[in-house]
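Here is model_4.pdb, consisting of PDB, N, CA and C atoms:
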```
ATOM      1  N   MET A   1       0.840  -1.176   0.000
ATOM      2  CA  MET A   1       0.000   0.000   0.000
ATOM      3  C   MET A   1       0.887   1.242   0.000
ATOM      4  N   GLU A   2       0.492   2.226  -0.771
ATOM      5  CA  GLU A   2       1.204   3.501  -0.820
ATOM      6  C   GLU A   2       0.220   4.618  -0.518
ATOM      7  N   GLN A   3       0.770   5.787  -0.169
ATOM      8  CA  GLN A   3      -0.068   6.956   0.095
ATOM      9  C   GLN A   3       0.457   8.130  -0.709
ATOM     10  N   VAL A   4      -0.466   8.926  -1.241
ATOM     11  CA  VAL A   4      -0.100  10.139  -1.965
ATOM     12  C   VAL A   4      -1.006  11.264  -1.485
ATOM     13  N   THR A   5      -0.456  12.470  -1.436
ATOM     14  CA  THR A   5      -1.247  13.656  -1.119
ATOM     15  C   THR A   5      -1.362  14.474  -2.388
ATOM     16  N   ILE A   6      -2.596  14.773  -2.766
ATOM     17  CA  ILE A   6      -2.884  15.527  -3.982
ATOM     18  C   ILE A   6      -3.441  16.880  -3.587
ATOM     19  N   LYS A   7      -2.840  17.947  -4.098
ATOM     20  CA  LYS A   7      -3.388  19.286  -3.892
ATOM     21  C   LYS A   7      -4.610  19.421  -4.790
ATOM     22  N   VAL A   8      -5.731  19.834  -4.193
ATOM     23  CA  VAL A   8      -6.982  19.948  -4.936
ATOM     24  C   VAL A   8      -7.426  21.406  -4.918
ATOM     25  N   GLY A   9      -7.591  21.974  -6.094
ATOM     26  CA  GLY A   9      -8.050  23.350  -6.219
ATOM     27  C   GLY A   9      -9.502  23.406  -6.636
ATOM     28  N   GLY A  10     -10.211  24.425  -6.164
ATOM     29  CA  GLY A  10     -11.591  24.622  -6.580
ATOM     30  C   GLY A  10     -12.625  24.114  -5.600
ATOM     31  N   MET A  11     -12.199  23.543  -4.481
ATOM     32  CA  MET A  11     -13.167  23.082  -3.481
ATOM     33  C   MET A  11     -13.585  24.264  -2.615
ATOM     34  N   SER A  12     -14.908  24.399  -2.393
ATOM     35  CA  SER A  12     -15.394  25.508  -1.582
ATOM     36  C   SER A  12     -16.409  25.098  -0.521
ATOM     37  N   CYS A  13     -16.819  23.814  -0.523
ATOM     38  CA  CYS A  13     -17.851  23.392   0.426
ATOM     39  C   CYS A  13     -17.768  21.882   0.654
ATOM     40  N   GLN A  14     -18.593  21.400   1.571
ATOM     41  CA  GLN A  14     -18.602  19.969   1.857
ATOM     42  C   GLN A  14     -19.116  19.152   0.672
ATOM     43  N   GLY A  15     -19.938  19.761  -0.173
ATOM     44  CA  GLY A  15     -20.370  19.076  -1.387
ATOM     45  C   GLY A  15     -19.186  18.787  -2.302
ATOM     46  N   CYS A  16     -18.255  19.729  -2.360
ATOM     47  CA  CYS A  16     -17.044  19.537  -3.152
ATOM     48  C   CYS A  16     -16.213  18.394  -2.570
ATOM     49  N   VAL A  17     -16.111  18.374  -1.244
ATOM     50  CA  VAL A  17     -15.364  17.305  -0.572
ATOM     51  C   VAL A  17     -15.967  15.949  -0.923
ATOM     52  N   LYS A  18     -17.283  15.859  -0.897
ATOM     53  CA  LYS A  18     -17.954  14.599  -1.231
ATOM     54  C   LYS A  18     -17.703  14.212  -2.685
ATOM     55  N   GLY A  19     -17.706  15.209  -3.580
ATOM     56  CA  GLY A  19     -17.464  14.923  -4.990
ATOM     57  C   GLY A  19     -16.061  14.387  -5.233
ATOM     58  N   VAL A  20     -15.071  15.012  -4.598
ATOM     59  CA  VAL A  20     -13.692  14.559  -4.747
ATOM     60  C   VAL A  20     -13.523  13.176  -4.130
ATOM     61  N   THR A  21     -14.106  12.994  -2.954
ATOM     62  CA  THR A  21     -14.017  11.693  -2.277
ATOM     63  C   THR A  21     -14.612  10.590  -3.145
ATOM     64  N   SER A  22     -15.789  10.827  -3.686
ATOM     65  CA  SER A  22     -16.455   9.825  -4.527
ATOM     66  C   SER A  22     -15.645   9.514  -5.782
ATOM     67  N   ALA A  23     -15.101  10.549  -6.404
ATOM     68  CA  ALA A  23     -14.305  10.347  -7.623
ATOM     69  C   ALA A  23     -13.084   9.483  -7.334
ATOM     70  N   LEU A  24     -12.429   9.745  -6.209
ATOM     71  CA  LEU A  24     -11.231   8.973  -5.877
ATOM     72  C   LEU A  24     -11.584   7.544  -5.451
ATOM     73  N   GLN A  25     -12.661   7.383  -4.712
ATOM     74  CA  GLN A  25     -13.055   6.045  -4.278
ATOM     75  C   GLN A  25     -13.464   5.156  -5.449
ATOM     76  N   ALA A  26     -13.843   5.763  -6.553
ATOM     77  CA  ALA A  26     -14.268   4.999  -7.722
ATOM     78  C   ALA A  26     -13.088   4.415  -8.501
ATOM     79  N   VAL A  27     -11.874   4.868  -8.198
ATOM     80  CA  VAL A  27     -10.684   4.379  -8.901
ATOM     81  C   VAL A  27     -10.295   3.008  -8.330
ATOM     82  N   ALA A  28     -10.115   2.043  -9.215
ATOM     83  CA  ALA A  28      -9.721   0.692  -8.785
ATOM     84  C   ALA A  28      -8.390   0.752  -8.045
ATOM     85  N   GLY A  29      -8.323   0.070  -6.919
ATOM     86  CA  GLY A  29      -7.088   0.019  -6.147
ATOM     87  C   GLY A  29      -7.031   1.008  -4.995
ATOM     88  N   VAL A  30      -7.988   1.934  -4.947
ATOM     89  CA  VAL A  30      -8.015   2.904  -3.851
ATOM     90  C   VAL A  30      -8.589   2.238  -2.613
ATOM     91  N   GLN A  31      -7.861   2.366  -1.495
ATOM     92  CA  GLN A  31      -8.281   1.746  -0.241
ATOM     93  C   GLN A  31      -8.916   2.749   0.717
ATOM     94  N   ALA A  32      -8.389   3.963   0.772
ATOM     95  CA  ALA A  32      -8.902   4.981   1.695
ATOM     96  C   ALA A  32      -8.670   6.369   1.116
ATOM     97  N   VAL A  33      -9.618   7.265   1.413
ATOM     98  CA  VAL A  33      -9.533   8.643   0.941
ATOM     99  C   VAL A  33      -9.874   9.570   2.104
ATOM    100  N   GLN A  34      -9.051  10.592   2.297
ATOM    101  CA  GLN A  34      -9.334  11.616   3.291
ATOM    102  C   GLN A  34      -9.124  12.967   2.624
ATOM    103  N   VAL A  35     -10.220  13.718   2.484
ATOM    104  CA  VAL A  35     -10.167  15.025   1.825
ATOM    105  C   VAL A  35     -10.290  16.109   2.888
ATOM    106  N   ASP A  36      -9.368  17.069   2.853
ATOM    107  CA  ASP A  36      -9.336  18.173   3.815
ATOM    108  C   ASP A  36      -9.645  19.464   3.072
ATOM    109  N   LEU A  37     -10.832  20.003   3.317
ATOM    110  CA  LEU A  37     -11.273  21.221   2.627
ATOM    111  C   LEU A  37     -10.365  22.399   2.972
ATOM    112  N   GLY A  38     -10.054  22.567   4.256
ATOM    113  CA  GLY A  38      -9.235  23.694   4.692
ATOM    114  C   GLY A  38      -7.841  23.697   4.093
ATOM    115  N   ALA A  39      -7.238  22.518   4.017
ATOM    116  CA  ALA A  39      -5.886  22.396   3.461
ATOM    117  C   ALA A  39      -5.898  22.320   1.939
ATOM    118  N   GLY A  40      -7.060  22.026   1.363
ATOM    119  CA  GLY A  40      -7.149  21.904  -0.087
ATOM    120  C   GLY A  40      -6.380  20.715  -0.622
ATOM    121  N   GLU A  41      -6.519  19.586   0.075
ATOM    122  CA  GLU A  41      -5.783  18.404  -0.370
ATOM    123  C   GLU A  41      -6.547  17.129  -0.066
ATOM    124  N   ALA A  42      -6.118  16.076  -0.755
ATOM    125  CA  ALA A  42      -6.687  14.744  -0.550
ATOM    126  C   ALA A  42      -5.539  13.769  -0.314
ATOM    127  N   ARG A  43      -5.663  12.962   0.745
ATOM    128  CA  ARG A  43      -4.689  11.903   1.002
ATOM    129  C   ARG A  43      -5.347  10.592   0.594
ATOM    130  N   VAL A  44      -4.637   9.840  -0.219
ATOM    131  CA  VAL A  44      -5.198   8.611  -0.782
ATOM    132  C   VAL A  44      -4.254   7.449  -0.520
ATOM    133  N   ASP A  45      -4.798   6.377   0.082
ATOM    134  CA  ASP A  45      -4.075   5.116   0.222
ATOM    135  C   ASP A  45      -4.489   4.242  -0.955
ATOM    136  N   PHE A  46      -3.511   3.701  -1.677
ATOM    137  CA  PHE A  46      -3.836   2.939  -2.879
ATOM    138  C   PHE A  46      -2.864   1.783  -3.078
ATOM    139  N   ASP A  47      -3.311   0.824  -3.855
ATOM    140  CA  ASP A  47      -2.496  -0.319  -4.241
ATOM    141  C   ASP A  47      -1.771   0.049  -5.537
ATOM    142  N   PRO A  48      -0.437   0.167  -5.500
ATOM    143  CA  PRO A  48       0.288   0.606  -6.698
ATOM    144  C   PRO A  48       0.232  -0.382  -7.863
ATOM    145  N   GLN A  49      -0.233  -1.589  -7.621
ATOM    146  CA  GLN A  49      -0.387  -2.542  -8.725
ATOM    147  C   GLN A  49      -1.658  -2.272  -9.523
ATOM    148  N   HIS A  50      -2.545  -1.426  -8.985
ATOM    149  CA  HIS A  50      -3.815  -1.158  -9.662
ATOM    150  C   HIS A  50      -3.967   0.275 -10.142
ATOM    151  N   THR A  51      -3.303   1.217  -9.489
ATOM    152  CA  THR A  51      -3.422   2.621  -9.891
ATOM    153  C   THR A  51      -2.192   3.388  -9.427
ATOM    154  N   GLY A  52      -2.134   4.650  -9.783
ATOM    155  CA  GLY A  52      -0.999   5.483  -9.403
ATOM    156  C   GLY A  52      -1.408   6.936  -9.283
ATOM    157  N   PRO A  53      -0.489   7.790  -8.862
ATOM    158  CA  PRO A  53      -0.808   9.205  -8.671
ATOM    159  C   PRO A  53      -1.388   9.898  -9.905
ATOM    160  N   ALA A  54      -0.899   9.565 -11.078
ATOM    161  CA  ALA A  54      -1.410  10.223 -12.291
ATOM    162  C   ALA A  54      -2.886   9.901 -12.504
ATOM    163  N   ALA A  55      -3.278   8.660 -12.306
ATOM    164  CA  ALA A  55      -4.685   8.268 -12.469
ATOM    165  C   ALA A  55      -5.557   8.910 -11.399
ATOM    166  N   LEU A  56      -5.017   9.066 -10.202
ATOM    167  CA  LEU A  56      -5.775   9.699  -9.120
ATOM    168  C   LEU A  56      -5.989  11.181  -9.411
ATOM    169  N   ARG A  57      -4.951  11.855  -9.899
ATOM    170  CA  ARG A  57      -5.109  13.264 -10.272
ATOM    171  C   ARG A  57      -6.121  13.405 -11.409
ATOM    172  N   GLN A  58      -6.093  12.478 -12.352
ATOM    173  CA  GLN A  58      -7.044  12.520 -13.471
ATOM    174  C   GLN A  58      -8.476  12.367 -12.967
ATOM    175  N   ALA A  59      -8.690  11.515 -11.973
ATOM    176  CA  ALA A  59     -10.026  11.330 -11.408
ATOM    177  C   ALA A  59     -10.528  12.623 -10.776
ATOM    178  N   VAL A  60      -9.644  13.328 -10.072
ATOM    179  CA  VAL A  60     -10.021  14.608  -9.450
ATOM    180  C   VAL A  60     -10.370  15.624 -10.538
ATOM    181  N   GLU A  61      -9.550  15.684 -11.591
ATOM    182  CA  GLU A  61      -9.802  16.624 -12.682
ATOM    183  C   GLU A  61     -11.090  16.283 -13.421
ATOM    184  N   SER A  62     -11.380  15.004 -13.574
ATOM    185  CA  SER A  62     -12.614  14.593 -14.248
ATOM    186  C   SER A  62     -13.850  14.971 -13.438
ATOM    187  N   ALA A  63     -13.668  15.117 -12.119
ATOM    188  CA  ALA A  63     -14.774  15.529 -11.255
ATOM    189  C   ALA A  63     -14.945  17.052 -11.268
ATOM    190  N   GLY A  64     -14.081  17.768 -12.018
ATOM    191  CA  GLY A  64     -14.242  19.201 -12.173
ATOM    192  C   GLY A  64     -13.368  20.069 -11.280
ATOM    193  N   PHE A  65     -12.332  19.467 -10.703
ATOM    194  CA  PHE A  65     -11.449  20.221  -9.816
ATOM    195  C   PHE A  65     -10.024  20.215 -10.379
ATOM    196  N   ASP A  66      -9.200  21.108  -9.865
ATOM    197  CA  ASP A  66      -7.796  21.135 -10.265
ATOM    198  C   ASP A  66      -7.011  20.202  -9.353
ATOM    199  N   ALA A  67      -6.051  19.496  -9.911
ATOM    200  CA  ALA A  67      -5.241  18.562  -9.126
ATOM    201  C   ALA A  67      -3.767  18.751  -9.449
ATOM    202  N   ALA A  68      -2.952  18.714  -8.398
ATOM    203  CA  ALA A  68      -1.504  18.842  -8.586
ATOM    204  C   ALA A  68      -0.782  17.906  -7.641
TER     205      ALA A  68
END
```
Write out the structure in this file as structure tokens.
Amino acid sequence: MEQVTIKVGGMSCQGCVKGVTSALQAVAGVQAVQVDLGAGEARVDFDPQHTGPAALRQAVESAGFDAA
């Protein structure tokens, strides 16, 4: 298991947090997601044999937010 922290831009409310959380949880190999609205970031525990940071950032961007 690996962990990555993704900077998420464009979140302004708990609805945004739920959207980012759902998008990341939908990625195969993701085990846990913790999104912090105040810090503007998401910490993701994932199985590196199934996904990676680039795919996780893409999921956030597909949900309509900026990811770095």
(request) Mind the document's chain letters and residue numbers, and return as a PyMOL selection string the residues of chain A that DSSP labels strand (DSSP E). (result) chain A and resi 2-9+30-36+41-46+66-67
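Picked out by the PyMOL selection byres ((chain A and resi 35-50) around 7) when it runs on this file: Met1, Glu2, Gln3, Val4, Thr5, Ile6, Lys7, Val8, Gly9, Met11, Ser12, Cys13, Val17, Thr21, Ala28, Gly29, Val30, Gln31, Ala32, Val33, Gln34, Thr51 and Gly52 of chain A.
Residues in contact with A:Phe65 at 6 Å, where only N, CA and C atoms are counted and same-chain residues fewer than 4 positions away are skipped, are listed as Gly9, Gly10, Val60 and Glu61 of chain A.
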Padded axis-aligned box of stretch 23-36 of chain A (8 Å per side), centre and edge lengths, Å, one decimal, as JSON:
```
{"center_x": -11.1, "center_y": 9.7, "center_z": -2.7, "size_x": 24.1, "size_y": 35.4, "size_z": 29.0}
```
(request) Take atom C of A:Ala59 and atom N of A:Ala23 and report the distance between them in Å, one decimal. (result) 6.7 Å
